Structures are given as structure tokens and as C-alpha cells.
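> Before anything else, here's the structure in question.
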Amino acid sequence: MTQHLPRPARLRLPDLLRIGLIGPRTRRLRSALSALGIALGIAAVVAITGISASSQAHLLDRLDRLGSNLISVSPGENYGGEKVPLPKEAVSMLGNIAPVEQVSATAETKANVYRSDFVPPNQTNSLRVLSARLDLLKTLRGELSSGRWLDKGTQRLPVVVLGDTAARRLGVTAPGTKVWLSGRSLPGGWYGVIGILRANELVPEIDDSVLVGAPQAVAELGGDRTPSTVYVRTHPDRVRDVQDVAAATANPARPSVVAVSRPSDLLKARSETDTALTGLVLSLAGVALLVGGVGIANTMVVGVMERRGEVGLCRALGARRGQITLQFLIEAVLLGLFGGLAGAALGVVAVYGYAGVKDWPATVPMAWVAAGPAVAVLVGTVAGLYPALRAARMSPTGALRSA
């Protein structure tokens, strides 16, 4: 007659979850401190990546404002050293390039500017009178020191906007003053100053210019209908692509006589800044995760040492090593999950708070926010694996004797 040995007891998943919750329920303070440690680790990861990303976005925006994504297209010279004008359609054609976000232009006129009609004609102060499109200020991201910019109502009137250098050389300190515009073949006339620009280090040629609305410049000042300089604002990541096709787009018939600026230094600085900050973010996140994992492992090891009596009793009642391992693993996973959820929320709050104080654009890496709880569970599992295995290896008598 065959004797059947009793099968080892098997615990279902709900039973394992209930057993795994025994530790957090009975040791609430220690469990809360453990979850807090995990939460701070995940919060540190989210906050560090978010604050670094916000700082990165702020710095890259500053570099973009300095002109890392601004290209100027102007007439080049032929083999005889003569300037070859751009086609009239150059502005619209450049604006049709996909990565181009904004485009505007200035054009030459035959006029000179003077403080009054008594100034000798040859004393021009090296200032130029240019016609300007209404979207020029927006494309250059320039700012007004005082007054206002040209609009549809003033572009056909005898009014001007002065660059910073032009205003200082003419002795104009505020809008409302009048300046004298005239040329060899032009009747002189008074023009009212409606605005003064701030200094623009990126486009210094605008600082020593007097800007007039294009219709008024063409009608009264002998303004060219072809652009003298086209300013192209592109997507920051597509600057080199636009540079490669700008000449052929502006003048398809003669691309070799088109001059295209290359803001290589600023573009290189932007690329290096992006790479360096991304590496810094990942490094800091790795350190924060390592610290959080060590904290979880330390907490679980201490918990196993304190609960040797419980482990010995369970083993004496027939609990297998795998069940003891799962019990402590589930406890570590649950602590990681709760801590991860709390840490992700805390990190997001920290990012928005810090960005608000610094007046930066708040950039929260949603991938890290979503992965925070998952990473916490993974870290908790890895960190709790050794303590769980250590608890499973205890013999019932040895655990009860050392309890």
C-alpha cells in the first residue's frame, strides 16, 4: 500500500499580499519612515531632473534669444566685386522653408538723417536710413527702450524708429522729437520719432539705423523694393539645414552670389550646453536612485533582524523558504510603490515651486514622473532581495533561539 506524503502548503496571491502587509501594518512608524526614505529618493530624482530641465530650457532660450537660431541673408558679390541684389521674392521664398519660424527684412533708401536741416549734408554720423517690415522687431526679438514700433497706421507716415546708437548720435532721448531726412535727389522733410530701440548685440547694424515704414520709404525716400538683408529665425535644431538651402532658396538662379551668415559659435555653445546639462541630469538622477536603494536595503536588513522570531515561527509552522522570500519581497515592493507615488507628487510640486521662484519655464519630465513609481518598485525589489533571501535561509530553531 502506497503511502502518500502530504503536499506542502501553498499560499495564494491574496494570502501573500495579506502576509506582506503584516509588517507595514504592525510596524507603522518604521514602515512610514521607510516609505518616506523611498519617497524622498524618487522626489529627488524628479526634482533634480525637473529643475535641471527647467534650467536647461531657460538657458537654451537665452542662447536662442542671442541668436543661435537667427540667420541673415544678404546680397553677395560677383567676380567683379559688385553687389548682386536679392530678388524681390527672396523674403517669401525663405519663409516657405519648413523649419523657418519667422522671417523679415530691411532695405536701403537714398536718404540720410540729420538732427536738423542746418547740419551740413556730409555730416551723416555714419547712420543709415532703412525701410523696415512690420514684423522686423518680432523676428529679431528686439525691445523698445521707449515709444512704440511701426504698425499699419504709421508705416505710410513720416515717422521713424531710431536704433540705440542712432538715438545717441542724434541727441534724441525720447519719442516726440523730430529729425531731418534728406538726400541728393530727395526733398528734405521732418520725420517724427515714435520709438527708440534698446541696444541689440546680436544685430549691431540695427543700432546705428533709422527705420522707416516700407511704403513711406519707397514713396518718399527712394527705398529699394528688393531687400538688403533678410533675417530668418529657424527652429533651433534645424539651423544648419536652413543654412544649407538658404542661398539657393533666396536666389535660385545665382545662389553663389548670396551671403548667408553662420552663427556657428552660438550654435556650438547651444549644442554643448544641451549635451552637458543632459549628462548632468542623468548623473544626478543615478546618484539619487543609488542613495534611495541603499536606504531601502538598510531598512529591510534591519527589519529582518528584528523579526527573526516571526520568521522562525513561520518556518516551524511549515512555511517554505520561497514563501518567506515572497513575504519580504512583497513588503519591499509595496513600500517602494507607496513611496514612489508620494515621491513623484512631491517632486512635481518642488519643480513648479522652484521654477516659479526663479521665473523659469517649469519643465517636468513626464517620463520620470510616470517611471518614478515603477523605478521605486524595481529598486525596492532589488534592495529587498538580499534581506528576503537571508530571512528564508534561517532555520526555525536558529531563528527562534536568536529572537
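Each chain of the C-alpha cells is named A, B, ... in the order shown, its residues numbered from 1; ligands are numbered from 1 in display order.
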Neighbouring residues of region 158-167 of chain A were defined as those with any atom within 10 Å, considering only C-alpha atoms; residues of the same chain fewer than 4 positions away were excluded. Please report them as number ranges by chain.
A: 113, 115, 125-132, 144-150, 154, 171-176, 178-179, 181, 189-200, 204-213, 216-217, 220
> Store the residues of this selection in a file with N, CA and C atoms, as a compact mmCIF listing (two decimals), in the first residue's frame.

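Once everything was written out, this is out16.txt:
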# COMPACT_ATOMS: atom_id res chain seq x y z
N VAL A 113 20.07 110.99 -42.45
CA VAL A 113 19.35 111.57 -41.33
C VAL A 113 20.24 112.61 -40.64
N ARG A 115 20.15 115.89 -37.41
CA ARG A 115 19.41 116.41 -36.25
C ARG A 115 18.52 117.57 -36.64
N ASN A 125 27.01 111.19 -39.53
CA ASN A 125 27.23 110.39 -38.32
C ASN A 125 27.30 108.88 -38.61
N SER A 126 27.55 108.53 -39.87
CA SER A 126 27.63 107.12 -40.29
C SER A 126 26.34 106.37 -39.97
N LEU A 127 25.22 107.07 -40.05
CA LEU A 127 23.92 106.45 -39.81
C LEU A 127 23.24 106.13 -41.13
N ARG A 128 22.46 105.07 -41.13
CA ARG A 128 21.73 104.66 -42.32
C ARG A 128 20.24 104.79 -42.11
N VAL A 129 19.55 105.10 -43.19
CA VAL A 129 18.09 105.11 -43.17
C VAL A 129 17.61 103.88 -43.93
N LEU A 130 16.92 102.99 -43.23
CA LEU A 130 16.46 101.73 -43.82
C LEU A 130 14.94 101.65 -43.76
N SER A 131 14.37 100.99 -44.76
CA SER A 131 12.95 100.65 -44.66
C SER A 131 12.84 99.33 -43.92
N ALA A 132 11.79 99.20 -43.12
CA ALA A 132 11.63 98.02 -42.28
C ALA A 132 10.23 97.45 -42.42
N LEU A 144 11.96 97.70 -27.25
CA LEU A 144 11.91 99.16 -27.30
C LEU A 144 12.37 99.75 -25.98
N SER A 145 13.22 100.75 -26.07
CA SER A 145 13.61 101.48 -24.87
C SER A 145 12.50 102.45 -24.46
N SER A 146 11.85 103.03 -25.46
CA SER A 146 10.72 103.93 -25.21
C SER A 146 9.93 104.07 -26.50
N GLY A 147 8.69 104.53 -26.38
CA GLY A 147 7.86 104.73 -27.56
C GLY A 147 7.24 103.45 -28.06
N ARG A 148 7.02 103.37 -29.37
CA ARG A 148 6.36 102.20 -29.95
C ARG A 148 6.95 101.89 -31.31
N TRP A 149 6.61 100.70 -31.80
CA TRP A 149 7.13 100.22 -33.08
C TRP A 149 6.17 100.62 -34.20
N LEU A 150 6.64 100.49 -35.41
CA LEU A 150 5.81 100.80 -36.58
C LEU A 150 4.62 99.84 -36.67
N THR A 154 1.13 103.66 -39.10
CA THR A 154 2.26 104.60 -39.17
C THR A 154 3.26 104.27 -40.27
N GLY A 171 21.34 112.80 -30.52
CA GLY A 171 20.96 113.53 -29.33
C GLY A 171 19.49 113.46 -29.01
N VAL A 172 18.84 112.36 -29.44
CA VAL A 172 17.41 112.17 -29.17
C VAL A 172 17.27 111.26 -27.96
N THR A 173 16.56 111.71 -26.97
CA THR A 173 16.42 110.94 -25.72
C THR A 173 15.02 110.38 -25.51
N ALA A 174 14.06 110.86 -26.25
CA ALA A 174 12.68 110.42 -26.05
C ALA A 174 11.87 110.62 -27.32
N PRO A 175 10.84 109.79 -27.52
CA PRO A 175 9.95 109.99 -28.68
C PRO A 175 9.28 111.36 -28.61
N GLY A 176 8.82 111.83 -29.77
CA GLY A 176 8.20 113.14 -29.85
C GLY A 176 9.09 114.17 -30.52
N LYS A 178 11.71 115.52 -33.54
CA LYS A 178 11.74 115.39 -34.99
C LYS A 178 13.18 115.39 -35.50
N VAL A 179 13.40 114.63 -36.56
CA VAL A 179 14.71 114.60 -37.22
C VAL A 179 14.51 114.93 -38.70
N LEU A 181 15.29 114.24 -42.62
CA LEU A 181 15.71 113.25 -43.60
C LEU A 181 15.78 113.89 -44.96
N GLY A 189 12.73 116.63 -45.44
CA GLY A 189 11.48 116.67 -44.70
C GLY A 189 11.69 116.27 -43.26
N TRP A 190 10.81 116.75 -42.41
CA TRP A 190 10.86 116.41 -40.98
C TRP A 190 10.12 115.10 -40.73
N TYR A 191 10.72 114.27 -39.92
CA TYR A 191 10.11 113.00 -39.55
C TYR A 191 10.05 112.91 -38.03
N GLY A 192 8.89 112.51 -37.52
CA GLY A 192 8.72 112.39 -36.08
C GLY A 192 9.26 111.07 -35.55
N VAL A 193 9.92 111.13 -34.41
CA VAL A 193 10.45 109.93 -33.76
C VAL A 193 9.35 109.33 -32.88
N ILE A 194 8.94 108.09 -33.19
CA ILE A 194 7.87 107.46 -32.40
C ILE A 194 8.42 106.38 -31.45
N GLY A 195 9.68 105.99 -31.65
CA GLY A 195 10.22 104.95 -30.79
C GLY A 195 11.74 104.89 -30.84
N ILE A 196 12.33 104.37 -29.78
CA ILE A 196 13.78 104.17 -29.68
C ILE A 196 14.02 102.74 -29.23
N LEU A 197 14.89 102.03 -29.94
CA LEU A 197 15.17 100.64 -29.64
C LEU A 197 16.26 100.50 -28.58
N ARG A 198 16.21 99.39 -27.85
CA ARG A 198 17.31 99.03 -26.97
C ARG A 198 18.47 98.51 -27.82
N ALA A 199 19.67 98.57 -27.25
CA ALA A 199 20.84 98.05 -27.95
C ALA A 199 20.66 96.56 -28.22
N ASN A 200 21.06 96.14 -29.41
CA ASN A 200 20.92 94.75 -29.82
C ASN A 200 22.31 94.24 -30.22
N PRO A 204 24.02 94.41 -34.58
CA PRO A 204 24.50 95.77 -34.33
C PRO A 204 24.19 96.75 -35.45
N GLU A 205 23.95 96.22 -36.67
CA GLU A 205 23.64 97.15 -37.76
C GLU A 205 22.30 97.85 -37.57
N ILE A 206 21.44 97.27 -36.75
CA ILE A 206 20.17 97.93 -36.46
C ILE A 206 20.36 99.09 -35.49
N ASP A 207 21.38 99.00 -34.62
CA ASP A 207 21.59 100.05 -33.62
C ASP A 207 21.92 101.39 -34.25
N ASP A 208 22.66 101.39 -35.36
CA ASP A 208 23.03 102.66 -35.99
C ASP A 208 22.18 102.95 -37.23
N SER A 209 20.92 102.51 -37.17
CA SER A 209 20.00 102.72 -38.29
C SER A 209 18.78 103.51 -37.85
N VAL A 210 18.19 104.17 -38.84
CA VAL A 210 16.91 104.86 -38.67
C VAL A 210 15.90 104.10 -39.52
N LEU A 211 14.85 103.60 -38.90
CA LEU A 211 13.92 102.69 -39.56
C LEU A 211 12.63 103.41 -39.92
N VAL A 212 12.24 103.23 -41.18
CA VAL A 212 11.04 103.87 -41.73
C VAL A 212 10.15 102.78 -42.29
N GLY A 213 8.86 102.98 -42.25
CA GLY A 213 7.94 102.03 -42.85
C GLY A 213 8.21 101.84 -44.32
N GLN A 216 6.31 104.15 -46.96
CA GLN A 216 6.78 105.52 -46.91
C GLN A 216 8.19 105.64 -47.52
N ALA A 217 9.04 104.64 -47.24
CA ALA A 217 10.40 104.69 -47.76
C ALA A 217 10.41 104.60 -49.29
N GLU A 220 8.70 108.07 -50.72
CA GLU A 220 9.30 109.37 -50.48
C GLU A 220 10.81 109.39 -50.34
> Between A:Pro14, A:Thr325, A:Ile38, A:Val242, single out the one closest to Gly343 (chain A), counting only C-alpha atoms.
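Looking only at the distances to Gly343 (chain A), the closest residue turns out to be A:Ile38.
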> Write out as an mmCIF file with C-alpha atoms, in the first residue's frame all residues of region 35-250 of chain A that backbone DSSP assigns to strand (DSSP E).

data_model
loop_
_atom_site.group_PDB
_atom_site.id
_atom_site.type_symbol
_atom_site.label_atom_id
_atom_site.label_comp_id
_atom_site.auth_asym_id
_atom_site.auth_seq_id
_atom_site.Cartn_x
_atom_site.Cartn_y
_atom_site.Cartn_z
ATOM 1 C CA LEU A 70 18.934 83.524 -36.371
ATOM 2 C CA ILE A 71 20.363 83.592 -39.898
ATOM 3 C CA SER A 72 20.854 86.685 -42.030
ATOM 4 C CA VAL A 73 20.781 86.507 -45.816
ATOM 5 C CA SER A 74 22.168 89.436 -47.815
ATOM 6 C CA PRO A 75 23.436 90.240 -51.325
ATOM 7 C CA VAL A 100 11.690 78.623 -40.683
ATOM 8 C CA GLU A 101 9.569 80.127 -37.902
ATOM 9 C CA GLN A 102 9.831 83.866 -38.683
ATOM 10 C CA VAL A 103 11.272 85.954 -41.494
ATOM 11 C CA SER A 104 11.600 89.711 -42.043
ATOM 12 C CA ALA A 105 13.800 92.160 -43.924
ATOM 13 C CA THR A 106 15.204 95.654 -44.263
ATOM 14 C CA ALA A 107 16.000 97.583 -47.451
ATOM 15 C CA GLU A 108 18.244 100.510 -48.334
ATOM 16 C CA ASN A 112 20.409 110.438 -44.785
ATOM 17 C CA VAL A 113 19.351 111.575 -41.331
ATOM 18 C CA TYR A 114 20.326 114.786 -39.533
ATOM 19 C CA ARG A 128 21.733 104.664 -42.323
ATOM 20 C CA VAL A 129 18.089 105.109 -43.166
ATOM 21 C CA LEU A 130 16.458 101.733 -43.815
ATOM 22 C CA SER A 131 12.951 100.647 -44.659
ATOM 23 C CA ALA A 132 11.630 98.019 -42.278
ATOM 24 C CA LEU A 144 11.907 99.160 -27.301
ATOM 25 C CA SER A 145 13.607 101.484 -24.866
ATOM 26 C CA SER A 146 10.723 103.930 -25.214
ATOM 27 C CA GLY A 147 7.855 104.730 -27.560
ATOM 28 C CA VAL A 159 7.750 108.797 -38.737
ATOM 29 C CA VAL A 160 10.846 106.830 -37.730
ATOM 30 C CA VAL A 161 12.109 104.432 -35.073
ATOM 31 C CA LEU A 162 15.723 105.026 -34.013
ATOM 32 C CA LYS A 178 11.742 115.393 -34.992
ATOM 33 C CA VAL A 179 14.713 114.595 -37.222
ATOM 34 C CA TRP A 180 15.551 115.776 -40.736
ATOM 35 C CA LEU A 181 15.708 113.251 -43.597
ATOM 36 C CA SER A 182 17.065 114.249 -46.992
ATOM 37 C CA GLY A 183 19.198 113.054 -49.873
ATOM 38 C CA LEU A 186 15.248 113.982 -52.432
ATOM 39 C CA PRO A 187 13.432 116.961 -50.987
ATOM 40 C CA GLY A 188 14.175 117.188 -47.276
ATOM 41 C CA GLY A 189 11.483 116.675 -44.705
ATOM 42 C CA TRP A 190 10.865 116.409 -40.984
ATOM 43 C CA TYR A 191 10.109 112.996 -39.552
ATOM 44 C CA GLY A 192 8.723 112.391 -36.080
ATOM 45 C CA VAL A 193 10.447 109.929 -33.759
ATOM 46 C CA ILE A 194 7.872 107.462 -32.395
ATOM 47 C CA GLY A 195 10.222 104.947 -30.790
ATOM 48 C CA ILE A 196 13.781 104.175 -29.683
ATOM 49 C CA LEU A 197 15.172 100.636 -29.639
ATOM 50 C CA SER A 209 19.999 102.716 -38.289
ATOM 51 C CA VAL A 210 16.908 104.862 -38.666
ATOM 52 C CA LEU A 211 13.920 102.689 -39.561
ATOM 53 C CA VAL A 212 11.043 103.872 -41.727
ATOM 54 C CA GLY A 213 7.937 102.026 -42.845
ATOM 55 C CA THR A 229 19.134 91.959 -45.507
ATOM 56 C CA VAL A 230 16.697 89.149 -44.791
ATOM 57 C CA TYR A 231 16.545 87.886 -41.204
ATOM 58 C CA VAL A 232 15.450 84.266 -40.812
ATOM 59 C CA ARG A 233 14.506 82.788 -37.434
ATOM 60 C CA THR A 234 14.577 78.992 -37.633
#
> Interatomic distance between CA of Ala350 (chain A) and CA of Ile48 (chain A)?
9.3 Å
